[in-house]
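Structure below is upload_6.cif: mmCIF, C-alpha atoms and all ligand atoms.
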data_entry
#
loop_
_atom_site.label_atom_id
_atom_site.label_comp_id
_atom_site.auth_asym_id
_atom_site.auth_seq_id
_atom_site.Cartn_x
_atom_site.Cartn_y
_atom_site.Cartn_z
CA MET A 118 219.07 120.39 163.84
CA PHE A 119 218.19 122.98 161.20
CA ASP A 120 214.78 123.95 162.59
CA LYS A 121 216.26 126.29 165.16
CA PHE A 122 217.59 128.56 162.41
CA PRO A 123 215.00 131.05 161.16
CA ARG A 124 214.38 130.65 157.45
CA VAL A 125 212.20 132.40 154.90
CA ARG A 126 211.12 130.54 151.77
CA LEU A 127 212.58 132.37 148.80
CA ALA A 128 213.96 129.65 146.53
CA HIS A 129 212.19 127.26 144.17
CA LEU A 130 213.29 123.92 145.61
CA PRO A 131 214.18 121.24 144.81
CA THR A 132 215.93 122.42 141.67
CA PRO A 133 215.92 119.96 138.76
CA LEU A 134 218.61 117.30 138.35
CA GLU A 135 219.02 116.47 134.68
CA PRO A 136 221.29 114.37 132.47
CA MET A 137 223.21 116.12 129.68
CA PRO A 138 223.42 113.41 127.00
CA ARG A 139 224.36 115.65 124.09
CA LEU A 140 227.20 117.45 125.86
CA THR A 141 228.38 114.05 127.13
CA ARG A 142 228.57 112.76 123.54
CA ALA A 143 230.14 115.94 122.20
CA LEU A 144 232.99 115.67 124.70
CA ASN A 145 233.36 111.92 124.31
CA GLY A 146 233.47 112.03 127.98
CA PRO A 147 232.15 111.06 131.32
CA GLN A 148 228.41 110.89 131.91
CA LEU A 149 227.47 114.50 132.54
CA TRP A 150 224.54 115.73 134.61
CA VAL A 151 223.51 119.19 135.72
CA LYS A 152 221.94 120.46 138.96
CA ARG A 153 219.88 123.48 138.00
CA ASP A 154 220.51 126.02 140.74
CA ASP A 155 220.23 128.56 137.96
CA GLN A 156 216.49 127.91 138.44
CA THR A 157 216.18 128.85 142.13
CA GLY A 158 214.11 131.94 141.37
CA LEU A 159 214.81 135.41 142.76
CA ALA A 160 215.19 137.12 139.43
CA THR A 161 216.91 134.63 137.11
CA GLY A 162 218.11 132.28 139.86
CA GLY A 163 221.47 131.35 141.29
CA ASN A 164 223.15 129.94 144.36
CA LYS A 165 222.52 132.94 146.59
CA ALA A 166 218.81 132.13 146.89
CA ARG A 167 219.63 129.13 149.13
CA LYS A 168 221.93 131.22 151.33
CA LEU A 169 219.49 134.11 151.48
CA GLU A 170 216.72 131.91 152.88
CA PHE A 171 218.73 131.67 156.10
CA LEU A 172 220.37 135.10 155.98
CA VAL A 173 217.08 136.93 155.49
CA GLY A 174 215.47 134.65 158.07
CA ASP A 175 218.10 135.83 160.55
CA ALA A 176 217.63 139.47 159.47
CA VAL A 177 213.87 139.28 160.02
CA GLU A 178 214.34 137.64 163.42
CA ARG A 179 216.60 140.51 164.42
CA GLY A 180 214.03 143.08 163.35
CA ALA A 181 215.97 144.39 160.36
CA ASP A 182 214.28 146.49 157.70
CA THR A 183 217.31 147.05 155.43
CA LEU A 184 219.65 144.52 153.81
CA ILE A 185 223.13 145.82 153.05
CA THR A 186 225.60 143.93 150.93
CA ALA A 187 228.51 144.40 148.54
CA GLY A 188 229.89 143.06 145.30
CA ALA A 189 231.28 143.76 141.85
CA PRO A 190 229.07 145.74 139.44
CA GLN A 191 227.73 142.47 137.94
CA SER A 192 227.37 140.76 141.33
CA ASN A 193 224.73 138.02 141.20
CA HIS A 194 224.63 138.02 144.97
CA SER A 195 223.72 141.71 145.09
CA ARG A 196 220.94 141.22 142.54
CA GLN A 197 219.45 138.27 144.42
CA THR A 198 219.68 140.23 147.67
CA ALA A 199 217.85 143.13 146.01
CA ALA A 200 215.13 140.74 144.80
CA ALA A 201 214.85 139.13 148.25
CA ALA A 202 214.49 142.57 149.87
CA ALA A 203 211.69 143.43 147.43
CA ARG A 204 209.91 140.14 148.21
CA MET A 205 210.17 140.79 151.94
CA GLY A 206 209.18 144.48 151.83
CA MET A 207 212.65 145.49 153.00
CA ARG A 208 215.13 148.04 151.64
CA ALA A 209 218.33 146.97 149.89
CA VAL A 210 221.50 149.04 149.92
CA LEU A 211 224.17 147.67 147.58
CA ALA A 212 227.78 148.78 147.80
CA LEU A 213 229.34 148.05 144.42
CA THR A 214 233.00 148.32 143.51
CA GLY A 215 234.08 150.77 140.80
CA ASP A 216 232.18 153.71 139.36
CA MET A 217 228.72 153.84 137.84
CA PRO A 218 229.06 152.62 134.23
CA GLU A 219 227.30 154.47 131.44
CA GLU A 220 225.23 151.44 130.50
CA TRP A 221 223.03 149.69 133.02
CA ASN A 222 222.78 146.12 131.97
CA GLY A 223 222.59 142.57 133.28
CA ASN A 224 222.47 142.34 137.07
CA LEU A 225 223.03 146.06 137.44
CA LEU A 226 219.86 146.88 135.53
CA LEU A 227 217.92 144.41 137.67
CA ASN A 228 219.20 146.06 140.87
CA TYR A 229 217.63 149.32 139.79
CA LEU A 230 214.38 147.60 138.81
CA PHE A 231 214.19 146.25 142.36
CA ASP A 232 214.60 149.79 143.60
CA ALA A 233 217.80 148.93 145.43
CA GLU A 234 219.92 151.87 146.48
CA VAL A 235 223.30 151.48 144.81
CA ARG A 236 226.37 153.16 146.35
CA TRP A 237 229.46 153.22 144.15
CA LEU A 238 232.64 152.59 146.13
CA GLY A 239 235.21 153.51 143.46
CA ASP A 240 238.55 151.76 143.58
CA VAL A 241 238.39 149.63 146.71
CA SER A 242 240.06 146.35 147.64
CA TRP A 243 237.98 143.32 148.67
CA ALA A 244 239.79 143.44 152.04
CA ASP A 245 238.39 146.91 152.73
CA LEU A 246 234.79 145.92 152.05
CA PRO A 247 233.81 144.80 155.58
CA ALA A 248 234.79 148.20 157.01
CA ARG A 249 232.96 150.00 154.20
CA LEU A 250 229.83 147.95 154.83
CA GLU A 251 229.96 148.70 158.55
CA ALA A 252 230.28 152.42 157.79
CA ILE A 253 227.21 152.24 155.54
CA ALA A 254 225.32 150.36 158.26
CA ALA A 255 226.23 153.06 160.81
CA GLY A 256 224.84 155.69 158.44
CA GLU A 257 221.62 153.74 158.01
CA ARG A 258 221.21 153.40 161.77
CA GLU A 259 221.67 157.13 162.15
CA ALA A 260 218.97 157.64 159.55
CA GLY A 261 216.60 155.55 161.67
CA TYR A 262 216.77 152.20 159.87
CA GLU A 263 217.61 148.72 161.21
CA PRO A 264 220.29 147.41 158.87
CA TYR A 265 221.47 143.81 158.48
CA VAL A 266 224.87 143.43 156.83
CA ILE A 267 225.41 140.46 154.54
CA PRO A 268 229.13 140.04 153.74
CA LEU A 269 230.47 139.38 150.25
CA GLY A 270 228.72 136.43 148.60
CA GLY A 271 226.54 135.76 151.64
CA SER A 272 229.32 133.50 152.88
CA THR A 273 228.71 133.43 156.60
CA PRO A 274 228.01 130.30 158.64
CA ILE A 275 224.28 131.17 158.53
CA GLY A 276 224.37 131.50 154.72
CA VAL A 277 226.39 128.30 154.37
CA LEU A 278 223.48 126.35 155.91
CA GLY A 279 221.63 126.70 152.59
CA TYR A 280 224.24 124.55 150.86
CA VAL A 281 224.49 122.04 153.68
CA LEU A 282 220.81 121.31 153.05
CA ALA A 283 221.29 121.39 149.29
CA MET A 284 223.32 118.20 149.68
CA GLN A 285 220.41 116.49 151.41
CA GLU A 286 218.27 117.49 148.44
CA LEU A 287 220.85 116.09 146.02
CA VAL A 288 221.29 112.79 147.83
CA GLN A 289 217.49 112.27 147.76
CA GLN A 290 217.35 113.07 144.05
CA MET A 291 220.23 110.68 143.34
CA GLU A 292 218.29 107.89 145.02
CA GLU A 293 215.16 108.71 143.04
CA ALA A 294 217.07 108.87 139.75
CA GLY A 295 219.20 105.81 140.55
CA VAL A 296 222.41 107.69 139.78
CA THR A 297 225.68 107.97 141.71
CA PHE A 298 228.08 110.82 141.08
CA ASP A 299 231.81 110.31 141.32
CA ARG A 300 232.35 114.04 141.34
CA ILE A 301 230.63 117.41 141.57
CA ILE A 302 232.09 120.44 139.80
CA ILE A 303 231.31 123.91 141.14
CA ALA A 304 232.50 127.47 140.78
CA SER A 305 233.94 128.82 144.02
CA SER A 306 234.67 132.38 145.00
CA SER A 307 233.63 133.57 148.47
CA GLY A 308 233.67 129.88 149.45
CA GLY A 309 230.28 129.47 151.12
CA THR A 310 228.78 127.17 148.51
CA GLN A 311 231.77 124.85 148.64
CA ALA A 312 231.89 124.88 152.46
CA GLY A 313 228.21 123.99 152.71
CA MET A 314 228.49 121.17 150.19
CA LEU A 315 231.49 119.70 152.00
CA ILE A 316 229.62 119.62 155.30
CA GLY A 317 226.41 118.37 153.66
CA ALA A 318 228.34 115.59 151.92
CA GLU A 319 229.52 114.27 155.29
CA MET A 320 226.14 114.72 156.95
CA PHE A 321 224.03 113.13 154.24
CA GLY A 322 226.41 110.51 152.89
CA PHE A 323 227.57 111.85 149.54
CA LYS A 324 230.68 109.83 148.73
CA GLY A 325 231.99 111.54 145.58
CA ARG A 326 234.58 114.28 145.19
CA ILE A 327 233.67 117.95 145.22
CA THR A 328 236.01 119.75 142.85
CA ALA A 329 235.85 123.53 143.04
CA ILE A 330 237.08 125.68 140.19
CA SER A 331 238.33 128.94 141.64
CA VAL A 332 237.12 131.89 139.58
CA ALA A 333 239.00 134.69 141.28
CA GLU A 334 242.05 133.77 143.30
CA SER A 335 244.81 131.27 143.87
CA GLU A 336 244.22 128.13 145.85
CA LYS A 337 245.88 129.27 149.05
CA GLY A 338 243.55 132.16 149.87
CA LEU A 339 240.40 130.29 148.86
CA ARG A 340 241.39 127.18 150.81
CA ALA A 341 241.92 129.26 153.96
CA ARG A 342 238.49 130.85 153.59
CA VAL A 343 236.69 127.58 152.88
CA SER A 344 238.42 125.86 155.85
CA LYS A 345 237.42 128.69 158.15
CA LEU A 346 233.81 128.67 156.95
CA VAL A 347 233.64 124.89 157.35
CA SER A 348 234.86 125.05 160.91
CA GLN A 349 232.64 128.03 161.87
CA THR A 350 229.56 126.39 160.35
CA LEU A 351 230.32 123.09 162.05
CA SER A 352 230.50 124.97 165.38
CA LEU A 353 227.14 126.57 164.67
CA LEU A 354 225.65 123.12 164.04
CA GLY A 355 227.19 121.57 167.16
CA ARG A 356 229.90 119.63 165.32
CA PRO A 357 227.78 116.77 163.92
CA VAL A 358 230.56 115.60 161.54
CA LYS A 359 234.17 116.26 160.60
CA VAL A 360 235.35 117.44 157.18
CA PRO A 361 238.89 116.19 156.47
CA GLY A 362 241.08 118.92 154.96
CA ALA A 363 241.93 116.62 152.04
CA LYS A 364 238.32 116.85 150.87
CA ILE A 365 238.73 120.54 150.06
CA GLU A 366 239.65 120.30 146.38
CA ILE A 367 240.44 123.55 144.61
CA VAL A 368 241.66 123.99 141.04
CA ASP A 369 243.09 127.45 140.38
CA ARG A 370 244.38 126.92 136.84
CA TYR A 371 241.44 128.61 135.15
CA LEU A 372 241.75 132.19 136.33
CA GLY A 373 242.40 133.39 132.76
CA GLU A 374 242.93 137.12 132.48
CA GLY A 375 241.42 137.68 135.91
CA TYR A 376 238.10 137.92 137.70
CA ALA A 377 235.15 138.74 135.45
CA VAL A 378 237.27 138.86 132.28
CA LEU A 379 235.60 136.69 129.66
CA GLY A 380 238.19 134.80 127.62
CA GLU A 381 238.22 132.25 124.85
CA ALA A 382 237.73 129.30 127.21
CA GLU A 383 234.62 130.76 128.84
CA ARG A 384 233.21 131.72 125.45
CA GLU A 385 233.63 128.18 124.19
CA ALA A 386 232.04 126.69 127.31
CA ILE A 387 229.04 129.05 127.09
CA THR A 388 228.40 128.21 123.45
CA LEU A 389 228.90 124.45 123.90
CA MET A 390 226.39 124.31 126.76
CA ALA A 391 223.91 126.49 124.88
CA GLY A 392 224.34 124.62 121.61
CA TYR A 393 224.23 121.08 122.94
CA GLU A 394 221.89 121.35 125.92
CA GLY A 395 219.93 124.56 125.43
CA ILE A 396 221.18 125.75 128.82
CA LEU A 397 222.78 129.11 129.54
CA VAL A 398 225.83 129.42 131.76
CA GLY A 399 227.24 132.78 132.78
CA PRO A 400 230.34 134.75 131.86
CA VAL A 401 231.97 135.15 135.29
CA TYR A 402 231.38 132.03 137.40
CA THR A 403 229.63 129.14 135.70
CA GLY A 404 231.19 129.68 132.25
CA ARG A 405 234.62 129.57 133.88
CA ALA A 406 233.82 126.47 135.97
CA LEU A 407 232.39 124.70 132.94
CA ALA A 408 235.45 125.65 130.87
CA GLY A 409 237.62 124.18 133.62
CA MET A 410 235.59 120.97 133.64
CA ILE A 411 235.82 120.66 129.85
CA ASP A 412 239.58 121.14 129.96
CA MET A 413 239.96 118.54 132.72
CA ILE A 414 237.95 116.09 130.60
CA ARG A 415 240.09 116.77 127.53
CA ARG A 416 243.29 116.28 129.53
CA GLY A 417 241.97 113.02 130.98
CA GLU A 418 242.06 114.38 134.54
CA ILE A 419 238.38 113.60 134.69
CA ALA A 420 238.11 110.02 133.43
CA PRO A 421 235.56 108.93 130.80
CA GLU A 422 234.28 106.27 133.24
CA GLU A 423 233.19 108.89 135.76
CA THR A 424 229.69 110.20 136.28
CA VAL A 425 230.01 113.93 136.88
CA LEU A 426 227.56 116.53 138.14
CA PHE A 427 228.03 120.10 137.00
CA TRP A 428 226.32 122.12 139.75
CA HIS A 429 225.02 125.16 137.89
CA THR A 430 225.04 128.09 140.31
CA GLY A 431 223.50 130.75 138.04
CA ASP A 432 225.18 133.87 136.59
CA THR A 433 223.01 134.02 133.47
CA ALA A 434 221.74 137.59 133.95
CA ALA A 435 225.35 138.74 133.70
CA LEU A 436 225.49 137.40 130.12
CA PHE A 437 223.62 140.48 128.92
CA ALA A 438 226.42 142.72 130.16
CA TYR A 439 228.88 140.77 127.98
CA ALA A 440 226.98 141.06 124.70
CA ARG A 441 229.90 142.69 122.93
CA GLU A 442 232.48 140.09 123.98
CA LEU A 443 230.13 137.23 123.12
CA ARG A 444 229.07 138.59 119.75
CA ARG A 445 232.62 139.24 118.64
CA GLN A 446 233.12 135.52 118.35
CA GLY A 447 229.83 134.57 116.76
CA VAL A 448 228.50 131.01 116.64
CA MET A 449 231.38 128.58 116.80
CA MET A 450 230.10 125.06 116.53
CA ALA A 451 228.16 122.84 114.19
CA ARG A 452 225.52 120.57 115.66
C1 LIG B 501 226.75 132.36 139.82
C2 LIG B 501 227.69 132.14 140.91
N1 LIG B 501 228.30 130.94 141.01
C3 LIG B 501 229.17 130.69 142.00
C4 LIG B 501 229.49 131.63 142.93
C5 LIG B 501 230.46 131.28 143.98
O1 LIG B 501 229.82 130.96 145.16
P1 LIG B 501 230.54 131.27 146.52
O2 LIG B 501 230.69 132.75 146.58
O3 LIG B 501 229.64 130.70 147.55
O4 LIG B 501 231.87 130.61 146.47
C6 LIG B 501 228.87 132.90 142.87
C7 LIG B 501 229.12 133.98 143.83
O5 LIG B 501 230.10 134.42 144.18
C8 LIG B 501 227.96 133.16 141.82
O6 LIG B 501 227.36 134.34 141.71
#
Go through the file and emit its structure as structure tokens.
Amino acid sequence: MFDKFPRVRLAHLPTPLEPMPRLTRALNGPQLWVKRDDQTGLATGGNKARKLEFLVGDAVERGADTLITAGAPQSNHSRQTAAAAARMGMRAVLALTGDMPEEWNGNLLLNYLFDAEVRWLGDVSWADLPARLEAIAAGEREAGYEPYVIPLGGSTPIGVLGYVLAMQELVQQMEEAGVTFDRIIIASSSGGTQAGMLIGAEMFGFKGRITAISVAESEKGLRARVSKLVSQTLSLLGRPVKVPGAKIEIVDRYLGEGYAVLGEAEREAITLMAGYEGILVGPVYTGRALAGMIDMIRRGEIAPEETVLFWHTGDTAALFAYARELRRQGVMMAR
């Protein structure tokens, strides 16, 4: 069923599945495991590598020589797209929101190292991005290139396929490790990762819950996007399964001071994970999702009897752009 979709191998798969015994003990909580999609490769890893295998496959099939995408200045998706373009001998044009900051750091620095062309969009709403990307693509065509536009977060039905298959990988690893997860926790934003996991869960027999922590917006908007992506991707696959609406679980309580604003909760989550497991989580997505999971454990919303998988989707390169915010707090826990 998946063979008919062109795919290029970009990610290091399967990513490790590991228990987190020290964080489990520190939280007095459920059995915690981690799925290391921060180790997918493409310049410090992350969830976009799985999506890009199919998106770039499609771009190559269509004869494209230029990948165009958009994001925030510290977009992980843009950085992984820039790395994928370099690997494939293609050009990358990145449309980033805001104005060029004085300091190039984190993902932004990496974009330049990959020789991506960065266009600064100034003050632009997410809703306007598709039109802006199309305008850039038109300019590229006029200049003689063959552009392929990848929407925000790579969340198209083609990109979603990467996370449908990720669930097959997980189910196999669960069998090998002899572990069953009651719940997966993920960070959700453009919705493609969540949509793919929901479909993959039905296709490959994952029975647990998939709880998404929204990092950027209230439940309503995200739910609409995830539902739409699920139904579009199911159409692409020929409707092999159904995903009941009740399986789309979104928690929007952890938006803090807004998208990409690192607060106390994220800082604590980052230092707990680093201090107890020697694993880095990021400031924008995975730190926020982990903070949400920790809070749900402390409130008893995630029960101590559960076995829970934190699906680490990357975001670690962005840490370096938050050095000031992270240092302000200093080390905050004793081992
Ligand atoms: C590190 C990281 N985690 C999670 C997400 C959310 O994934 P999605 O956009 O598929 O919802 C993103 C991207 O937006 C990301 O960069």
Compile the contact shell of Ser344 of chain A as an mmCIF file with C-alpha atoms, in the frame of the given file: residues with an atom at most 9 Å away, counting only C-alpha atoms, same-chain residues fewer than 6 positions apart removed.
data_model
loop_
_atom_site.group_PDB
_atom_site.id
_atom_site.type_symbol
_atom_site.label_atom_id
_atom_site.label_comp_id
_atom_site.auth_asym_id
_atom_site.auth_seq_id
_atom_site.Cartn_x
_atom_site.Cartn_y
_atom_site.Cartn_z
ATOM 1 C CA GLY A 308 233.670 129.880 149.450
ATOM 2 C CA ALA A 312 231.890 124.880 152.460
ATOM 3 C CA GLY A 362 241.080 118.920 154.960
ATOM 4 C CA ILE A 365 238.730 120.540 150.060
#
Report as an MDAnalysis selection string all protein, DNA and RNA residues lying within 10 Å of segment 290-293 of chain A, evaluated on all atoms listed in the file, omitting residues in the same chain fewer than 3 positions from it.
chainID A and resid 131:134 284:287 296:298 323
For those residues, write C-alpha atoms to a file as a compact mmCIF listing (two decimals), keeping the file's coordinate frame.
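Saved file part05.txt follows:
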# COMPACT_ATOMS: atom_id res chain seq x y z
CA PRO A 131 214.18 121.24 144.81
CA THR A 132 215.93 122.42 141.67
CA PRO A 133 215.92 119.96 138.76
CA LEU A 134 218.61 117.30 138.35
CA MET A 284 223.32 118.20 149.68
CA GLN A 285 220.41 116.49 151.41
CA GLU A 286 218.27 117.49 148.44
CA LEU A 287 220.85 116.09 146.02
CA VAL A 296 222.41 107.69 139.78
CA THR A 297 225.68 107.97 141.71
CA PHE A 298 228.08 110.82 141.08
CA PHE A 323 227.57 111.85 149.54
Which protein, DNA or RNA residues have an atom at most 6 Å from (222.6, 142.8, 157.0), counting all atoms listed in the file? List them as a ChimeraX atom specification.
/A:184-185,264-267
Enclose all atoms of ligand LIG 501 (chain B) listed in the file in an axis-aligned box, grow every side by 6 Å, and hand back centre and edge lengths in Å to one decimal, as lines of an AutoDock Vina configuration file.
center_x = 229.3
center_y = 132.5
center_z = 143.7
size_x = 17.1
size_y = 15.8
size_z = 19.7
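Here the question is which of A:Leu144, A:Ala304, A:Leu213, A:Leu351 gets nearest to Gly399 of chain A using only C-alpha atoms, and that residue is A:Ala304.
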